[in-house]
Each structure stands twice: as structure tokens, then as C-alpha cells.
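A.B. asks: Take a look at the following structure, please.
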Amino acid sequence: MSYTAVEMMTVAAARALSNHDICFVGIGLPSVACNLARLTHAPQVSLIYESGTLETKPDVLPLSIGDGELCETALTTVSVPEIFRYWLQGGRITVGFLGGAQVDRFGNLNTTVIGDYARPKVRLPGGGGATEIATACGQIFLIMRHNPRSFVKQLDFLTTLGHGRNGRERQELGIRTKGPTLLVTDLCTMRPDRETNEMVVASLHPGITREQVREKTGWEVRFAGDLAETPPPAAEEMEVLRSLHARTALAHGAASGGE
Amino acid sequence: MEFLKLPEAIARYVRDGDQLALEGFTHLIPFAAGHEIIRQGRRDLTLIRMTPDLLYDQMIGMGMARKLVFSWGGNPGVGSLHRLRDAVERGWPRPLELVEHSHAAMANGYDAGAAGMPCAFFRGYSGSDLAKVNGAIRSVACPFTGVHLACIPAIRPDVTIIHAQKADRDGNVLIEGIVGVQKEAVLAARRAIVTVEEVVETFGARSSNAVILPGWAISAISVAPRGAHPSYAYGYYSRDNAFYLAWETVSRERESFLAWMQEHVMDAVPGPGETAQ
């Protein structure tokens, strides 16, 4: 079955979740990947959205973080202060699944501004829940499309901590959670180097070359010694993903969100 | 608490220069009340909201705000809030001062306001540049463990406005579904207005733990059927996701935005249901 680069990215990201995970889900690409995992190999995964919906099982992808669908299919819905204080800050979440506008080699994210903060060239939406998700969850998975404007040497603004500007900032700040352990793009998967925490290419998606990754990365990207090829999407993964998008498009009366 | 027509409630309780919170986390966003504030031409407002959403995009684009306190300013699942961006990037129709937080900070700030605390402290902002651009983000050491915690001032709006499903005849208010920070935002405010879908004799069968705000915690209630549209009211109508997608085009240019506001807000009269009970 043929597939697009974005479909490969979504499938690769979904595979990272397990039945044992309690996952705090960002809207857009993370939400697609998390629900794909739930509808394929990880039916027991608990998905939590910051609108307060615990263990939600949406039939269509939500356009917003607080669509009625999330509440109707949730085990229970709590207030926003409670979701951030008890469930997130309280250390109950195993994985936070995030995206961003810019990422650097240490998995730090910018979702605030392009350009200077006071006089931005582009004012982005901001951090939302990510700033605390990044430090409170056991580990962080990132999903972003690979291009030189997004994969930058130097962030314009550090909204959300990855491994910090020197790769060691979590340790220096006394943060005990792991931070970004996986970055999935439409070209490859990346994982932090054991020594330096720099995100290094762990697998290339089928048909993608090292040169293509180098061209689309704003820093001198490194490749793991045991560089692998990402297994292509299976027929079942593709069928479930496409039918999820089709149901969603029908429900929203237009293309599904987050793409 | 008193039942007032929406224009009267806004005229009586919302003043120029107020710190105003119109809350509702994606769900139950009080659009009818916000539109009435726009029609009454309030100015120099400090707008407080975790997710400014389309409603604050409209109020900012109409030049009513001098300051925005927020934590995520996009069109959910769609992209930018173009009027917010125009104000920040180009100062149109007037410059907008930003006080930018994270969601956890805003939620804790409202909670502290409701609890009568001067500030909120929590585990937050570690390693983020937000603390460098917002002087209201500070830190405090736990007196028992020495652990450093983020600290922000309590959020205490002059007025909070929320939309809810129902009020009963005595003016108690029932909120169901995604309850967001509405309860905290109401209790943190000096004055609170609630718009509701309908007024019922009694709430009838309900959970003992239902979210109910007693009438004595509220200044005024106004009936505004579909008062959250294009946001939604759980049990009444769904989120109008097609409208959120269409706003991308409407709001992109100043002219199309102003034309839309003129037709759908400035020239609109409050609906027939928006009457005092």
C-alpha cells in the first residue's frame, strides 16, 4: 500500500506508545498519532487532554483540545486546575506528546515567536500547557515535519525545555523526568545521544537518504552508528489511519485539524 | 444576584479600563456577552483568558483591549488568530501589551484568586524563556524543603463572565461537560455575570457533585440561548468547527474582518431569547 511522508510520520509516532502509557496529548499531529495507537496496537493506552478529559476515546479526531467528543467519550472530566495540579504536576503521566514550530538539536521547542519577543516577525500561539508537560511527564515524544525553518541551530525563543541549550539543563535544574526521548519527523526518527543528549537520527524512513535529512536540518545532524530503516506502515495501520481521517473530515465538514 | 437583560448586565457591571475575564475552556465561551461588550464600545480593557480564542480575536480587532493576559493564543486546530497577530506584530488597530503565561500558571492563578491568596506557587516554567519576558513570573523557596517553585500573582479580575447551561429560578447556575476554569474565574472576580441557555424551575435529578455556583456568588444572570456559539454548550449544541475553519479567511484581512463584525455583531440586536426572566 502506498503512503505519504506524513502518514509514515504518524504511524512511526503511534508505534512509540504502549498499552501501559498514560499520555498527555497535544492537539494536531500528536492527537492523530495517539488515537492511531489506541485504535491499533495499544487499545489500553490512557489519553488525557488538557481540557480535563481523562481516558478519552474519541471516534473522530477533535479539532480543538476541548471538543464535546472528548468529554462524551471520557471516563471522567475534571476541571482545568485539577488536570494541571493533580494529574500532571502530581506525576501521574508517563508520556507527553508534543509538537512545535521550531526545535533545536537538544529537543527544546519554540512555540512563541519568530524574531524578537517584543517586536516579533511572527507571533505564534504560545506554549499553552507544554511548558509544564515537558518537565512533569515521565518522558516526552515530539512529532514535527522536517524542514530547515523548523529544525534550527538556534531557537528564537525557548518556550518549552527539552534537554536545555547545553544538553544538560534538566540535570542542572534538578528535574528528574527524562525529557525528549524520541523525535519523529516525516523523514526519520531521532533519539537523544546517551552522552550529550543531542537528538541523533536513529532510523530513516524507507526511501529517505542521509543527504535529504542533512538538507532539511538547520544544524549539523548526526546519525547513529546502528542507523536503521523505519519499518513501513502496515496495511492495517494505513486502513485505520485513513478511516479515522475520513470520519473526522465528515464530522467537521472539512479537512481534519492539525495538518 | 439579579436576572437582567444582557445589555443591562453589561452596562451595569463592565466599565472602561476593567480587568475582564471571559472564560470557558473551548467549551461554553461567552460569545453573546462579548459581542454585547463590543456593541457598547468598552475601551482600554485588560482581557484575561487562558485561550483568547475567536472571541478575544474579535475584541482585540475592534480595538477594545490595551493588554492581554493569556497562555495560548491560536485558533484551535486551525492556526493563527490573525487579529491578535496584527495587534502584536503591527499595532493595529492599537498596540497590545502581552502578559504571557503557561496554562498551568493561569489555572493556578485563578485558583489562588478564588482561594483569597495573594499568589500561586507551583512546579513550572523550568528552563523556559517565558520568565525572562514576563516580570510577573518569579520564584519562591519552599520553607520546609528549599525546593524552588514558580510563583505568580493571583488572578483577580474586576469582572468575570461565563456562559452556562442552566440557571434555576433562584439564580443558582449549573455547569456540565468540560468545566474548565469557570468556577475559579467566577470566585476570583469582584463581580461575575453568567449567561445561560435557559432558566428552569429546578435542576431536577443530578449528581451530588455537579458543578453548581450558588446565586449569592454571582452578580447578574442573563438568558442568552446559543450564547456560546460558535463554541458550544454540552447537551444543547455542538462546537461549530466549520465556523472556526471559516474564521481563518474572515479574519485574515482587516477589511473582511470589519465587514463581518459590522454585519454580525454591530448591526445585530440581542436575540429574542435574551430577555430578563
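If you're wondering about the labels, chains in the C-alpha cells are A, B, ... by order shown, residues count from 1 in each chain, ligands from 1 in order shown.
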Could the residues of chain A within 8 Å of chain B, counting only C-alpha atoms, be given as a PyMOL selection string, please?
C.D. replies: chain A and resi 27-28+51-53+63-68+71+77-81+84-85+89+117+119-132+135+157-161+164+169+173+252-254+257-258
A.B. asks: Store the residues picked out above, limited to N, CA and C atoms, as a tab-separated table (two decimals), in the first residue's frame.
C.D. replies:
```
chain	number	residue	atom	x	y	z
A	27	ILE	N	-2.71	18.89	20.72
A	27	ILE	CA	-3.64	18.87	19.59
A	27	ILE	C	-2.85	18.85	18.28
A	28	GLY	N	-3.47	18.39	17.20
A	28	GLY	CA	-2.79	18.33	15.90
A	28	GLY	C	-2.13	16.97	15.70
A	51	SER	N	-7.94	19.82	28.48
A	51	SER	CA	-9.26	20.34	28.82
A	51	SER	C	-9.87	19.59	29.99
A	52	GLY	N	-9.21	18.54	30.48
A	52	GLY	CA	-9.68	17.86	31.68
A	52	GLY	C	-10.29	16.49	31.43
A	53	THR	N	-10.23	16.01	30.19
A	53	THR	CA	-10.83	14.72	29.87
A	53	THR	C	-9.83	13.60	30.14
A	63	LEU	N	-11.07	18.79	16.69
A	63	LEU	CA	-10.42	19.94	16.05
A	63	LEU	C	-9.71	20.76	17.12
A	64	SER	N	-10.37	20.90	18.25
A	64	SER	CA	-9.79	21.66	19.36
A	64	SER	C	-9.48	20.72	20.51
A	65	ILE	N	-8.79	21.25	21.50
A	65	ILE	CA	-8.42	20.46	22.68
A	65	ILE	C	-9.64	20.19	23.56
A	66	GLY	N	-10.76	20.84	23.27
A	66	GLY	CA	-11.93	20.69	24.14
A	66	GLY	C	-13.22	20.39	23.41
A	67	ASP	N	-13.14	19.71	22.26
A	67	ASP	CA	-14.36	19.32	21.55
A	67	ASP	C	-15.25	18.45	22.45
A	68	GLY	N	-16.56	18.52	22.23
A	68	GLY	CA	-17.50	17.74	23.01
A	68	GLY	C	-17.22	16.24	22.93
A	71	CYS	N	-15.13	14.88	25.76
A	71	CYS	CA	-15.83	14.78	27.04
A	71	CYS	C	-16.82	13.61	27.02
A	77	THR	N	-14.43	13.79	33.43
A	77	THR	CA	-13.88	15.09	33.04
A	77	THR	C	-13.70	15.94	34.30
A	78	VAL	N	-12.47	16.39	34.51
A	78	VAL	CA	-12.17	17.19	35.70
A	78	VAL	C	-11.89	18.64	35.28
A	79	SER	N	-11.77	19.52	36.24
A	79	SER	CA	-11.53	20.94	35.93
A	79	SER	C	-10.10	21.12	35.41
A	80	VAL	N	-9.86	22.26	34.79
A	80	VAL	CA	-8.53	22.54	34.25
A	80	VAL	C	-7.49	22.71	35.38
A	81	PRO	N	-7.81	23.42	36.49
A	81	PRO	CA	-6.83	23.43	37.59
A	81	PRO	C	-6.50	22.02	38.08
A	84	PHE	N	-4.09	20.07	35.69
A	84	PHE	CA	-2.69	20.52	35.77
A	84	PHE	C	-2.07	20.25	37.14
A	85	ARG	N	-2.84	20.36	38.21
A	85	ARG	CA	-2.26	20.22	39.55
A	85	ARG	C	-2.12	18.77	39.97
A	89	GLN	N	1.08	17.78	37.37
A	89	GLN	CA	2.11	18.12	38.36
A	89	GLN	C	2.30	17.00	39.37
A	117	TYR	N	11.07	38.91	20.77
A	117	TYR	CA	9.81	38.79	21.51
A	117	TYR	C	8.99	40.07	21.49
A	119	ARG	N	9.20	42.64	19.39
A	119	ARG	CA	8.79	43.03	18.04
A	119	ARG	C	8.86	41.82	17.11
A	120	PRO	N	7.97	40.88	17.28
A	120	PRO	CA	8.10	39.62	16.53
A	120	PRO	C	7.78	39.77	15.05
A	121	LYS	N	8.49	39.00	14.25
A	121	LYS	CA	8.15	38.89	12.84
A	121	LYS	C	6.85	38.08	12.71
A	122	VAL	N	6.80	36.98	13.44
A	122	VAL	CA	5.56	36.19	13.50
A	122	VAL	C	5.25	35.88	14.96
A	123	ARG	N	4.07	36.28	15.38
A	123	ARG	CA	3.61	35.93	16.71
A	123	ARG	C	2.92	34.56	16.61
A	124	LEU	N	3.51	33.54	17.27
A	124	LEU	CA	2.93	32.20	17.29
A	124	LEU	C	1.96	32.08	18.47
A	125	PRO	N	1.17	30.99	18.53
A	125	PRO	CA	0.16	30.90	19.59
A	125	PRO	C	0.70	30.93	21.02
A	126	GLY	N	1.90	30.37	21.25
A	126	GLY	CA	2.42	30.33	22.61
A	126	GLY	C	2.51	28.90	23.12
A	127	GLY	N	2.91	28.78	24.38
A	127	GLY	CA	3.23	27.46	24.93
A	127	GLY	C	2.04	26.64	25.39
A	128	GLY	N	0.97	27.28	25.80
A	128	GLY	CA	-0.17	26.54	26.34
A	128	GLY	C	0.26	25.69	27.51
A	129	GLY	N	-0.04	24.40	27.43
A	129	GLY	CA	0.31	23.51	28.54
A	129	GLY	C	1.71	22.95	28.47
A	130	ALA	N	2.39	23.14	27.31
A	130	ALA	CA	3.62	22.40	27.04
A	130	ALA	C	4.74	22.68	28.05
A	131	THR	N	4.82	23.92	28.53
A	131	THR	CA	5.93	24.30	29.41
A	131	THR	C	6.03	23.38	30.63
A	132	GLU	N	4.89	23.03	31.19
A	132	GLU	CA	4.89	22.14	32.36
A	132	GLU	C	4.79	20.66	31.97
A	135	THR	N	8.22	19.02	31.70
A	135	THR	CA	9.00	18.65	32.88
A	135	THR	C	8.27	17.66	33.79
A	157	PHE	N	13.22	31.63	20.55
A	157	PHE	CA	12.68	31.73	21.92
A	157	PHE	C	12.56	30.31	22.45
A	158	LEU	N	13.00	30.09	23.69
A	158	LEU	CA	12.86	28.74	24.25
A	158	LEU	C	11.59	28.72	25.10
A	159	THR	N	10.51	28.19	24.50
A	159	THR	CA	9.23	28.13	25.21
A	159	THR	C	9.21	26.94	26.16
A	160	THR	N	9.66	25.80	25.63
A	160	THR	CA	9.48	24.53	26.33
A	160	THR	C	10.81	23.80	26.39
A	161	LEU	N	11.22	23.46	27.60
A	161	LEU	CA	12.53	22.85	27.82
A	161	LEU	C	12.58	21.43	27.26
A	164	GLY	N	17.68	21.40	27.24
A	164	GLY	CA	18.34	22.67	27.54
A	164	GLY	C	19.32	23.08	26.47
A	169	GLU	N	20.70	20.73	30.90
A	169	GLU	CA	19.99	21.67	31.77
A	169	GLU	C	18.99	20.98	32.72
A	173	LEU	N	18.93	21.74	36.68
A	173	LEU	CA	17.74	22.32	37.33
A	173	LEU	C	17.08	21.35	38.31
A	252	HIS	N	-16.40	17.23	10.73
A	252	HIS	CA	-16.09	18.66	10.81
A	252	HIS	C	-16.54	19.42	9.56
A	253	GLY	N	-16.97	18.70	8.56
A	253	GLY	CA	-17.41	19.36	7.33
A	253	GLY	C	-16.24	19.98	6.56
A	254	ALA	N	-15.03	19.49	6.82
A	254	ALA	CA	-13.83	19.99	6.13
A	254	ALA	C	-12.66	19.11	6.53
A	257	GLY	N	-8.26	18.61	11.53
A	257	GLY	CA	-7.35	19.62	12.05
A	257	GLY	C	-5.92	19.15	12.26
A	258	GLY	N	-5.06	20.09	12.43
A	258	GLY	CA	-3.71	19.81	12.86
A	258	GLY	C	-2.73	19.43	11.77
```
A.B. asks: Take atom CA of Met199 of chain A and atom CA of Arg105 of chain A and report the distance between them in Å, one decimal.
C.D. replies: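 Distance between the two atoms: 5.5 Å.
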A.B. asks: Go through B:Asn209, B:Ser219, B:Gln40, B:Thr249 one by one, measure the shortest atom-to-atom distance of each to Asp158 of chain B using only C-alpha atoms, and give the residue with the smallest value.
C.D. replies: B:Ser219
A.B. asks: Taking the backbone alone, and naming residues the way the document does, which bits of segment 117-180 of chain A are strand (DSSP E) by DSSP, as a list in words?
C.D. replies: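 Written out, the strand (DSSP E) residues of segment 117-180 of chain A are Pro120, Lys121, Val122, Arg123, Gln139, Ile140, Phe141, Leu142, Ile143 and Pro180 of chain A.
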A.B. asks: Could you check the closest approach to Ala114 of chain B for each of B:Leu28, B:Val199, B:Leu187, B:Ile218 and tell me which residue wins, using only C-alpha atoms?
C.D. replies: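 Comparing B:Leu28, B:Val199, B:Leu187, B:Ile218 against Ala114 of chain B, the winner is B:Leu187.
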A.B. asks: Write out as JSON, numbers by chain all residues of segment 129-210 of chain A that DSSP puts in helix (DSSP H, G or I) for this structure's backbone.
C.D. replies: {"A": [130, 131, 132, 133, 134, 135, 136, 169, 170, 171, 172, 210]}
A.B. asks: At a cut-off of 12 Å, using only C-alpha atoms, what residues contact Gly225 of chain A? Leave out same-chain residues fewer than 6 positions from it and give the result as a list in words.
C.D. replies: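 In the requested form, the answer reads Asp193, Val200, Val201, Ala202 and Ser203 of chain A.
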A.B. asks: Residues as selected, C-alpha atoms, written as an mmCIF file, in the first residue's frame, can you do that?
C.D. replies:
```
data_model
loop_
_atom_site.group_PDB
_atom_site.id
_atom_site.type_symbol
_atom_site.label_atom_id
_atom_site.label_comp_id
_atom_site.auth_asym_id
_atom_site.auth_seq_id
_atom_site.Cartn_x
_atom_site.Cartn_y
_atom_site.Cartn_z
ATOM 1 C CA ASP A 193 22.677 10.600 22.353
ATOM 2 C CA VAL A 200 20.596 11.859 16.666
ATOM 3 C CA VAL A 201 18.941 10.112 13.710
ATOM 4 C CA ALA A 202 18.066 6.573 14.839
ATOM 5 C CA SER A 203 16.164 5.408 11.754
#
```
